[in-house]
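Novice: Can you keep this structure in mind? I'll have questions shortly.
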Amino acid sequence: MKFFIDTANVEEIREAAKWGILSGVTTNPSLIAKEGRKLEDVIKEIDEIVDGPISAEVIGLEAEKMIEEAKELVKISDNIVIKIPMTLEGLKAVSYLSKKGIKTNVTLVFSANQALMAARAGATYVSPFVGRLDDIGHDGIALIDEIHQIFAYHGIETEIIAASIRNPLHVTKAAKVGSDIATIPYKVLKQMVKHPLTDIGIEKFLADWEKTQS
Ligand code: E4P
């Protein structure tokens, strides 16, 4: 399973890129708004840091508007993936863009049928939201498992991005059920590196080493 970072904060991306584990970036309108910057400016800057797919989400709700926005965004770089919400209008836009060779990421996926529809429309990626399903008492990881089984059974090449990841356990579980990618907030990526026994081990090694130095 590959790791994407789910943020529009350029400093977080710059730092995580140095760890050598990043394969791509996802953003969304809330994350861009949090930075208080223009979408195009943020995406351009991210593109200078990461050599991999960068998802930029459209705002329009009608296919025509989505396509118009997509055409502008893809001018930024070949790595741009157009993030489109899972609606009928979204499917129209995905179908059009995929025929033009433009990569898409269908977002706000909460059921296996939505994922299947997006894939059949030509989506490059689908993003089922694990955390938001857990929040309402559903099982987000079970959905990733279900979509993975369906895609494998039918030989569907659309990649699954486990999104709305809230903790390291979500990442492990998404990997176990075969998600292609997990898009992970910076804070969770950092948590994934930590283990108390690693810290204790380092302390002990250093303490033992110090004893021989006196
Ligand atoms: C997906 O690509 C979204 O950007 C994101 O994962 C949403 O996560 P949230 O539910 O924590 O807002």
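Each chain in the structure tokens gets a letter, A, B and so on, in the order shown; residues start at 1 in every chain, and ligands are counted from 1 in the order they appear.
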Listing only residues of chain A within 6 Å of ligand 1, what is the closest atom pair and its distance in Å (to one decimal) for each, using only C-alpha atoms and all ligand atoms, sorted by chain and residue number ascending, as a Markdown table?
Specialist:
| residue | atom | partner | partner_atom_place_in_ligand_line | distance |
| --- | --- | --- | --- | --- |
| A:Asp6 | CA | ligand 1 | 4 (O) | 5.7 |
| A:Thr26 | CA | ligand 1 | 2 (O) | 5.3 |
| A:Thr27 | CA | ligand 1 | 4 (O) | 5.2 |
| A:Asn28 | CA | ligand 1 | 4 (O) | 4.8 |
| A:Gly131 | CA | ligand 1 | 10 (O) | 5.8 |
| A:Arg132 | CA | ligand 1 | 10 (O) | 5.2 |
| A:Ala163 | CA | ligand 1 | 6 (O) | 3.9 |
| A:Ser164 | CA | ligand 1 | 8 (O) | 3.4 |
Novice: Restricting the output to N, CA and C atoms, write the selected residues as a tab-separated table (two decimals), in the first residue's frame.
Specialist:
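The new file part25.tsv reads:
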chain	number	residue	atom	x	y	z
A	6	ASP	N	-2.55	13.78	3.16
A	6	ASP	CA	-3.83	14.46	3.00
A	6	ASP	C	-3.73	15.83	3.68
A	26	THR	N	-3.18	14.45	-1.51
A	26	THR	CA	-4.59	14.78	-1.76
A	26	THR	C	-4.93	16.06	-1.00
A	27	THR	N	-5.74	16.89	-1.64
A	27	THR	CA	-6.24	18.10	-0.98
A	27	THR	C	-7.76	18.08	-1.12
A	28	ASN	N	-8.41	18.97	-0.41
A	28	ASN	CA	-9.85	19.15	-0.60
A	28	ASN	C	-10.16	20.60	-0.29
A	131	GLY	N	-12.95	7.31	8.16
A	131	GLY	CA	-13.25	7.97	9.43
A	131	GLY	C	-14.67	8.49	9.53
A	132	ARG	N	-15.14	9.09	8.43
A	132	ARG	CA	-16.50	9.66	8.49
A	132	ARG	C	-17.56	8.57	8.62
A	163	ALA	N	-9.43	7.02	2.48
A	163	ALA	CA	-9.39	8.44	2.87
A	163	ALA	C	-10.05	8.63	4.23
A	164	SER	N	-10.00	9.87	4.72
A	164	SER	CA	-10.56	10.19	6.04
A	164	SER	C	-9.94	9.27	7.10
Novice: Residues within 10 Å of Thr172 in chain A, please, as a PDB file with C-alpha atoms, in the first residue's frame. Count only C-alpha atoms; anything in the same chain fewer than 5 positions from it doesn't count.
Specialist:
ATOM      1  CA  MET A   1       0.000   0.000   0.000  1.00  0.00           C
ATOM      2  CA  ASN A 167      -5.330   7.093  13.354  1.00  0.00           C
ATOM      3  CA  VAL A 177      -7.703  -5.468   3.394  1.00  0.00           C
ATOM      4  CA  ALA A 182      -3.998   5.461   2.152  1.00  0.00           C
ATOM      5  CA  MET A 192       2.950   5.850  12.724  1.00  0.00           C
TER       6      MET A 192
END
Novice: State, in Å with one decimal place, the distance from CA of Pro85 in chain A to CA of Ile144 in chain A.
Specialist: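 If I compute the distance from CA of Pro85 in chain A to CA of Ile144 in chain A, I get 17.7 Å.
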Novice: When you look at Val25 in chain A with a cut-off of 6 Å (counting only C-alpha atoms), what residues show up, excluding the ones that are within fewer than 5 positions of it in the same chain? I need them as a PDB file with C-alpha atoms, in the first residue's frame.
Specialist:
ATOM      1  CA  PHE A   4      -0.294   9.852   0.132  1.00  0.00           C
ATOM      2  CA  ILE A   5      -0.424  12.843   2.458  1.00  0.00           C
ATOM      3  CA  ASP A   6      -3.833  14.460   3.004  1.00  0.00           C
ATOM      4  CA  ILE A  54      -1.673  15.517  -6.651  1.00  0.00           C
TER       5      ILE A  54
END
Novice: Do you have the CA of Glu11 in chain A-CA of Lys75 in chain A distance handy?
Specialist: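 About the pair CA of Glu11 in chain A and CA of Lys75 in chain A: they are 23.5 Å apart.
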Novice: Residues near range 56-61 of chain A, anyone? I mean within 8 Å using only C-alpha atoms, not counting same-chain ones fewer than 3 positions away, as a ChimeraX atom specification.
Specialist: /A:26-29,39,43,65-66,69-70,73,80-84,89-90
Novice: Restricting the output to C-alpha atoms, write the selected residues as a PDB file, in the first residue's frame.
Specialist:
ATOM      1  CA  THR A  26      -4.591  14.784  -1.764  1.00  0.00           C
ATOM      2  CA  THR A  27      -6.241  18.102  -0.977  1.00  0.00           C
ATOM      3  CA  ASN A  28      -9.850  19.147  -0.603  1.00  0.00           C
ATOM      4  CA  PRO A  29     -11.651  22.517  -0.427  1.00  0.00           C
ATOM      5  CA  LEU A  39      -5.988  26.546  -4.948  1.00  0.00           C
ATOM      6  CA  ILE A  43      -1.081  23.072  -6.136  1.00  0.00           C
ATOM      7  CA  LYS A  65     -18.396  23.523 -14.657  1.00  0.00           C
ATOM      8  CA  MET A  66     -16.312  20.632 -13.259  1.00  0.00           C
ATOM      9  CA  GLU A  69     -12.200  23.779 -13.758  1.00  0.00           C
ATOM     10  CA  ALA A  70     -10.413  20.504 -14.553  1.00  0.00           C
ATOM     11  CA  LEU A  73      -6.046  22.656 -13.218  1.00  0.00           C
ATOM     12  CA  ILE A  80      -2.647  16.736 -11.406  1.00  0.00           C
ATOM     13  CA  VAL A  81      -5.555  14.426 -10.615  1.00  0.00           C
ATOM     14  CA  ILE A  82      -9.019  15.985 -10.699  1.00  0.00           C
ATOM     15  CA  LYS A  83     -10.974  15.225  -7.568  1.00  0.00           C
ATOM     16  CA  ILE A  84     -14.683  15.022  -8.257  1.00  0.00           C
ATOM     17  CA  GLU A  89     -22.962  15.179 -12.556  1.00  0.00           C
ATOM     18  CA  GLY A  90     -19.616  14.038 -11.184  1.00  0.00           C
TER      19      GLY A  90
END
Novice: According to DSSP computed on the backbone, where in range 129-172 of chain A is there strand (DSSP E)? Give the residues as number ranges by chain.
Specialist: A: 159-162
Novice: Using only C-alpha atoms, can you tell me which of A:Val130, A:Val94, A:Ala207, A:Leu169 comes closest to Leu108 in chain A?
Specialist: A:Val130
